[in-house]
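entry.tsv follows; it contains TSV, C-alpha atoms.
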```
chain	number	residue	atom	x	y	z
A	1	GLU	CA	-25.00	-14.41	-14.38
A	2	VAL	CA	-21.94	-14.25	-12.14
A	3	GLN	CA	-22.58	-12.45	-8.88
A	4	LEU	CA	-20.19	-11.66	-6.04
A	5	LEU	CA	-21.49	-10.17	-2.81
A	6	GLU	CA	-19.04	-8.97	-0.16
A	7	SER	CA	-19.90	-8.33	3.45
A	8	GLY	CA	-18.21	-7.87	6.80
A	9	GLY	CA	-16.75	-4.41	6.44
A	10	GLY	CA	-17.07	-1.75	9.10
A	11	LEU	CA	-15.27	0.43	11.59
A	12	VAL	CA	-12.54	-1.21	13.66
A	13	GLN	CA	-9.87	0.14	15.98
A	14	PRO	CA	-6.18	-0.12	15.13
A	15	GLY	CA	-4.90	-3.52	16.18
A	16	GLY	CA	-8.33	-5.06	15.82
A	17	SER	CA	-9.63	-7.83	13.58
A	18	LEU	CA	-12.31	-8.21	10.95
A	19	ARG	CA	-13.42	-11.02	8.65
A	20	LEU	CA	-14.71	-10.27	5.19
A	21	SER	CA	-16.90	-12.68	3.24
A	22	CYS	CA	-17.71	-12.91	-0.45
A	23	VAL	CA	-20.58	-15.14	-1.57
A	24	ALA	CA	-20.36	-16.22	-5.19
A	25	SER	CA	-23.00	-17.50	-7.58
A	26	GLY	CA	-23.46	-18.15	-11.28
A	27	PHE	CA	-20.26	-20.11	-11.95
A	28	PRO	CA	-18.53	-23.31	-10.71
A	29	PHE	CA	-16.89	-21.70	-7.70
A	30	ASN	CA	-14.49	-24.52	-6.88
A	31	THR	CA	-12.88	-24.39	-10.33
A	32	TYR	CA	-11.83	-20.75	-10.13
A	33	ALA	CA	-9.17	-18.93	-8.17
A	34	MET	CA	-10.38	-15.92	-6.25
A	35	SER	CA	-8.72	-12.71	-5.16
A	36	TRP	CA	-9.12	-9.70	-2.90
A	37	VAL	CA	-8.19	-6.26	-4.22
A	38	ARG	CA	-8.49	-3.06	-2.19
A	39	GLN	CA	-8.73	0.63	-2.90
A	40	ALA	CA	-7.95	3.26	-0.28
A	41	PRO	CA	-10.16	6.38	-0.44
A	42	GLY	CA	-9.23	8.43	-3.49
A	43	LYS	CA	-6.35	6.09	-4.36
A	44	GLY	CA	-5.55	3.37	-6.86
A	45	LEU	CA	-5.99	-0.38	-6.80
A	46	GLU	CA	-3.87	-2.74	-4.70
A	47	TRP	CA	-4.00	-6.52	-5.03
A	48	VAL	CA	-4.14	-8.01	-1.53
A	49	SER	CA	-4.38	-11.78	-1.79
A	50	GLY	CA	-5.30	-14.70	-4.02
A	51	ILE	CA	-6.28	-18.33	-3.52
A	52	SER	CA	-6.46	-21.30	-5.88
A	53	GLY	CA	-9.72	-23.07	-6.64
A	54	SER	CA	-8.97	-25.91	-4.24
A	55	GLY	CA	-7.72	-23.55	-1.57
A	56	GLY	CA	-4.39	-25.32	-1.51
A	57	SER	CA	-2.34	-22.36	-2.70
A	58	THR	CA	-2.47	-18.86	-1.30
A	59	PHE	CA	-0.64	-15.66	-2.17
A	60	TYR	CA	-0.30	-12.34	-0.37
A	61	ALA	CA	0.95	-8.83	-0.89
A	62	ASP	CA	3.91	-8.00	1.33
A	63	SER	CA	1.87	-5.26	3.00
A	64	VAL	CA	-0.53	-7.82	4.53
A	65	LYS	CA	1.60	-10.96	4.81
A	66	GLY	CA	1.47	-12.37	8.32
A	67	ARG	CA	-1.59	-10.28	9.24
A	68	PHE	CA	-4.23	-11.32	6.70
A	69	SER	CA	-5.36	-14.83	5.81
A	70	ILE	CA	-7.39	-15.81	2.76
A	71	SER	CA	-9.53	-18.94	2.72
A	72	ARG	CA	-12.55	-20.40	0.99
A	73	ASP	CA	-15.39	-22.82	1.69
A	74	ASN	CA	-16.30	-24.40	-1.62
A	75	SER	CA	-19.34	-26.10	-0.10
A	76	LYS	CA	-20.74	-22.64	0.64
A	77	ASN	CA	-19.40	-20.85	-2.46
A	78	THR	CA	-17.80	-18.37	-0.10
A	79	LEU	CA	-14.44	-16.61	-0.02
A	80	TYR	CA	-13.04	-15.11	3.18
A	81	LEU	CA	-10.40	-12.63	4.23
A	82	GLN	CA	-9.42	-12.71	7.89
A	83	MET	CA	-7.72	-9.42	8.76
A	84	ASN	CA	-5.78	-9.17	12.00
A	85	ARG	CA	-3.60	-6.46	13.56
A	86	LEU	CA	-5.32	-3.87	11.40
A	87	ARG	CA	-3.64	-0.54	10.73
A	88	ALA	CA	-4.94	2.83	9.60
A	89	GLU	CA	-3.38	2.22	6.20
A	90	ASP	CA	-5.63	-0.83	5.72
A	91	THR	CA	-8.61	1.53	5.40
A	92	ALA	CA	-10.07	0.85	1.98
A	93	VAL	CA	-12.89	-0.60	-0.04
A	94	TYR	CA	-12.20	-4.32	-0.37
A	95	TYR	CA	-13.33	-6.07	-3.54
A	96	CYS	CA	-13.46	-9.77	-4.19
A	97	ALA	CA	-12.92	-10.87	-7.77
A	98	LYS	CA	-13.31	-14.06	-9.76
A	99	THR	CA	-9.82	-14.85	-10.98
A	100	SER	CA	-8.89	-16.58	-14.20
A	101	VAL	CA	-5.40	-18.09	-14.32
A	102	VAL	CA	-3.31	-19.23	-17.26
A	103	VAL	CA	-0.66	-21.09	-15.23
A	104	PRO	CA	-2.30	-22.10	-11.92
A	105	SER	CA	0.76	-23.80	-10.46
A	106	VAL	CA	2.59	-20.48	-10.17
A	107	MET	CA	-0.43	-18.16	-10.33
A	108	GLN	CA	0.75	-16.58	-13.56
A	109	GLY	CA	-1.39	-14.89	-16.19
A	110	VAL	CA	-4.31	-13.88	-14.00
A	111	TRP	CA	-7.15	-11.51	-14.63
A	112	PHE	CA	-9.95	-10.34	-12.40
A	113	ALA	CA	-13.50	-10.43	-13.73
A	114	PRO	CA	-16.02	-9.74	-12.49
A	115	TRP	CA	-15.61	-7.85	-9.23
A	116	GLY	CA	-18.02	-7.55	-6.36
A	117	GLN	CA	-19.48	-4.20	-5.32
A	118	GLY	CA	-16.96	-3.86	-2.49
A	119	THR	CA	-17.15	-3.51	1.27
A	120	LEU	CA	-15.62	-0.59	3.18
A	121	VAL	CA	-13.18	-1.23	6.00
A	122	THR	CA	-12.30	1.75	8.17
A	123	VAL	CA	-9.51	1.43	10.72
A	124	SER	CA	-9.65	4.30	13.16
A	125	SER	CA	-9.76	5.04	16.86
B	1	ASP	CA	8.11	-6.59	-6.97
B	2	ILE	CA	7.25	-5.41	-10.48
B	3	GLN	CA	6.47	-1.70	-10.60
B	4	MET	CA	3.93	-0.34	-13.07
B	5	THR	CA	3.79	3.21	-14.36
B	6	GLN	CA	1.19	4.88	-16.57
B	7	SER	CA	1.17	8.03	-18.63
B	8	PRO	CA	-0.41	10.41	-18.72
B	9	SER	CA	-1.92	10.52	-15.22
B	10	SER	CA	-4.87	12.38	-16.67
B	11	LEU	CA	-6.09	13.67	-19.99
B	12	SER	CA	-8.95	15.68	-21.39
B	13	ALA	CA	-10.56	14.58	-24.61
B	14	SER	CA	-13.67	15.08	-26.69
B	15	VAL	CA	-16.24	12.58	-27.88
B	16	GLY	CA	-14.92	10.96	-31.03
B	17	ASP	CA	-11.25	11.47	-30.19
B	18	ARG	CA	-8.67	8.71	-30.40
B	19	VAL	CA	-7.03	8.27	-26.99
B	20	THR	CA	-3.89	6.31	-26.14
B	21	ILE	CA	-2.71	5.44	-22.63
B	22	THR	CA	0.75	4.02	-22.02
B	23	CYS	CA	1.77	1.52	-19.36
B	24	ARG	CA	5.32	0.46	-18.55
B	25	ALA	CA	6.56	-2.40	-16.38
B	26	SER	CA	9.83	-2.29	-14.43
B	27	GLN	CA	10.84	-5.65	-15.93
B	28	THR	CA	9.67	-7.80	-18.78
B	29	ILE	CA	6.23	-9.31	-18.23
B	30	ASN	CA	5.84	-10.89	-21.68
B	31	SER	CA	2.18	-10.29	-22.58
B	32	TYR	CA	0.82	-10.66	-19.05
B	33	LEU	CA	-0.84	-7.28	-18.98
B	34	ASN	CA	-4.48	-6.41	-18.30
B	35	TRP	CA	-6.50	-3.20	-18.52
B	36	TYR	CA	-9.45	-2.17	-16.33
B	37	GLN	CA	-11.93	0.68	-16.43
B	38	GLN	CA	-13.36	2.20	-13.27
B	39	LYS	CA	-16.15	4.75	-13.04
B	40	PRO	CA	-16.72	6.81	-9.87
B	41	GLY	CA	-18.29	4.81	-7.06
B	42	LYS	CA	-18.20	1.59	-9.05
B	43	ALA	CA	-16.05	-1.52	-9.05
B	44	PRO	CA	-13.43	-1.84	-11.78
B	45	GLU	CA	-14.31	-3.77	-14.92
B	46	LEU	CA	-11.95	-5.81	-17.06
B	47	LEU	CA	-11.46	-4.45	-20.57
B	48	ILE	CA	-8.50	-6.37	-21.97
B	49	TYR	CA	-6.44	-9.31	-20.73
B	50	ALA	CA	-3.24	-10.91	-21.94
B	51	GLU	CA	-2.21	-7.63	-23.59
B	52	SER	CA	-4.72	-7.63	-26.43
B	53	ILE	CA	-7.67	-9.97	-25.83
B	54	LEU	CA	-10.93	-8.10	-25.51
B	55	GLN	CA	-13.11	-9.22	-22.60
B	56	SER	CA	-16.54	-10.44	-23.66
B	57	GLY	CA	-18.98	-7.57	-24.08
B	58	VAL	CA	-16.31	-4.86	-24.37
B	59	PRO	CA	-16.74	-2.65	-27.46
B	60	SER	CA	-14.24	-3.10	-30.26
B	61	ARG	CA	-13.16	0.56	-30.04
B	62	PHE	CA	-10.92	-0.59	-27.16
B	63	SER	CA	-7.66	-2.22	-28.17
B	64	GLY	CA	-4.42	-3.16	-26.50
B	65	ARG	CA	-0.95	-3.87	-27.76
B	66	GLY	CA	2.63	-4.19	-26.66
B	67	SER	CA	4.94	-6.76	-25.13
B	68	GLY	CA	7.89	-7.03	-22.82
B	69	THR	CA	7.75	-3.84	-20.80
B	70	ASP	CA	5.75	-1.33	-22.87
B	71	PHE	CA	2.03	-1.46	-23.51
B	72	THR	CA	-0.74	0.79	-24.80
B	73	LEU	CA	-4.50	0.98	-24.48
B	74	THR	CA	-6.22	2.79	-27.34
B	75	ILE	CA	-9.80	3.98	-27.48
B	76	SER	CA	-10.73	4.67	-31.10
B	77	GLY	CA	-13.63	7.08	-31.08
B	78	LEU	CA	-14.21	8.08	-27.47
B	79	GLN	CA	-17.81	7.73	-26.33
B	80	PRO	CA	-19.53	9.54	-23.43
B	81	GLU	CA	-19.55	6.33	-21.37
B	82	ASP	CA	-15.76	6.01	-21.71
B	83	PHE	CA	-14.97	8.89	-19.39
B	84	ALA	CA	-13.44	7.01	-16.47
B	85	THR	CA	-10.15	5.99	-14.88
B	86	TYR	CA	-8.10	3.28	-16.55
B	87	TYR	CA	-5.64	0.97	-14.79
B	88	CYS	CA	-3.10	-1.46	-16.17
B	89	GLN	CA	-2.13	-4.52	-14.13
B	90	GLN	CA	0.69	-7.01	-14.56
B	91	SER	CA	-0.12	-10.67	-14.10
B	92	TYR	CA	3.36	-12.08	-14.65
B	93	SER	CA	4.01	-12.79	-10.96
B	94	PRO	CA	2.51	-12.00	-7.58
B	95	PRO	CA	2.11	-9.44	-6.14
B	96	PHE	CA	-0.05	-8.43	-9.10
B	97	THR	CA	0.64	-4.74	-9.20
B	98	PHE	CA	-1.51	-2.10	-10.82
B	99	GLY	CA	-0.48	1.12	-12.47
B	100	PRO	CA	-1.49	4.36	-10.72
B	101	GLY	CA	-4.31	5.01	-13.17
B	102	THR	CA	-5.13	7.43	-15.97
B	103	LYS	CA	-8.21	9.59	-15.59
B	104	VAL	CA	-9.95	10.45	-18.85
B	105	ASP	CA	-12.32	13.37	-18.59
B	106	ILE	CA	-14.30	15.59	-20.88
B	107	LYS	CA	-12.58	18.50	-22.58
```
Let's see the structure in the file written out as structure tokens.
Amino acid sequence: EVQLLESGGGLVQPGGSLRLSCVASGFPFNTYAMSWVRQAPGKGLEWVSGISGSGGSTFYADSVKGRFSISRDNSKNTLYLQMNRLRAEDTAVYYCAKTSVVVPSVMQGVWFAPWGQGTLVTVSS
Amino acid sequence: DIQMTQSPSSLSASVGDRVTITCRASQTINSYLNWYQQKPGKAPELLIYAESILQSGVPSRFSGRGSGTDFTLTISGLQPEDFATYYCQQSYSPPFTFGPGTKVDIK
């Protein structure tokens, strides 16, 4: 059974940093892309970032480019999201998701399944 | 970026009803369209990927169709466990944008 367990969320002041982790099990982690998707309170879903199975290719939403960094440690079956210069609008539940990709070279034809349970990030003074 | 819209934003239906949700992309995305279901306080779950392929374990009352820019999700015979919010998502190119969601509740 595939399991994804996020951690690292919490309360942080504007301008601060936080690192989220997602530990995966139940599938060959290094052969799958992974993604982060967030959901602000009461709002819809927003894809944040994705990374290839090898970690060699990364992709970001414009809203986080230059502030967030996605990475993975395949020896630990763990996905990370380093979040710097956090803003109030980054407040959300952050989900990690196993990502299937039809065309990996350009990250085209992707779907997210399953998702972790999410970790809440609150940016507030 | 590709913008996604959904209609309606919400609907009320009864158990047994046939429900159709529409999703439109701002440019052609071929068949790179997925559908997710989210229940309150839970993570989203994949229902359909690549426009019409049912995810393993998803009941056959869910179906998807469309291509280019216009897509539909149909639930044939709404069940009590189907009351939830449904999101479409384009996977043609990053950023992988989602529609704003359609909330299906009980009439």
Please indicate the distance in Å from atom CA of A:Phe29 to atom CA of A:Gly53, rounded to one decimal place.
->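 Calculated distance between atom CA of A:Phe29 and atom CA of A:Gly53 is 7.4 Å.
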Identify all chain B residues at most 8 Å from chain A by counting only C-alpha atoms; ligands do not count. Present them as an MDAnalysis selection string.
-> chainID B and resid 32 34 42:46 49:50 91:101
To one decimal in Å, tell me the separation between atom CA of B:Thr5 and atom CA of B:Ala25.
->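 Those two atoms sit 6.6 Å apart.
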Which is closest to A:Val121 among A:Ser25, A:Ser100, A:Lys65, A:Leu86, if we use all atoms listed in the file?
->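 For A:Val121, the nearest of the candidates is A:Leu86.
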All residues 8 Å or closer to B:Ser52, all atoms listed in the file, same chain fewer than 2 positions away omitted, as an mmCIF file with C-alpha atoms, in the coordinates of the input:
```
data_model
loop_
_atom_site.group_PDB
_atom_site.id
_atom_site.type_symbol
_atom_site.label_atom_id
_atom_site.label_comp_id
_atom_site.auth_asym_id
_atom_site.auth_seq_id
_atom_site.Cartn_x
_atom_site.Cartn_y
_atom_site.Cartn_z
ATOM 1 C CA ILE B 48 -8.500 -6.370 -21.970
ATOM 2 C CA TYR B 49 -6.440 -9.310 -20.730
ATOM 3 C CA ALA B 50 -3.240 -10.910 -21.940
ATOM 4 C CA LEU B 54 -10.930 -8.100 -25.510
ATOM 5 C CA SER B 63 -7.660 -2.220 -28.170
ATOM 6 C CA GLY B 64 -4.420 -3.160 -26.500
ATOM 7 C CA ARG B 65 -0.950 -3.870 -27.760
#
```
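Distance-wise, atom CA of A:Asn30 and atom CA of A:Asn77 end up 7.6 Å apart.
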For A:Arg72, list every protein, DNA or RNA residue within 10 Å, evaluated using only C-alpha atoms, and leave out those in the same chain fewer than 2 positions away; present the list as a list in words.
->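 With the cut-off at 10 Å, the set is Ser21, Cys22, Val23, Phe29, Asn30, Ala33, Met34, Ile51, Ser52, Gly53, Ser54, Gly55, Gly56, Ile70, Asn74, Ser75, Lys76, Asn77, Thr78, Leu79, Tyr80 and Leu81 of chain A.
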Tell me, as a PyMOL selection string, which residues lie within 12 Å of A:Asp90, counting only C-alpha atoms; anything in the same chain fewer than 3 positions away does not count.
-> chain A and resi 9-18+37-41+46+48+63-64+67-68+83-87+93-94+120-124
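Among A:Ser57, A:Glu1, A:Gly66, A:Lys98, the residue with the shortest atom-to-atom distance to A:Trp36, counting all atoms listed in the file, is A:Lys98.
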Considering all atoms listed in the file, state which residue in the set B:Ser76, B:Gln55, B:Gln38, B:Thr102 is at the smallest distance from B:Ser14.
-> B:Ser76
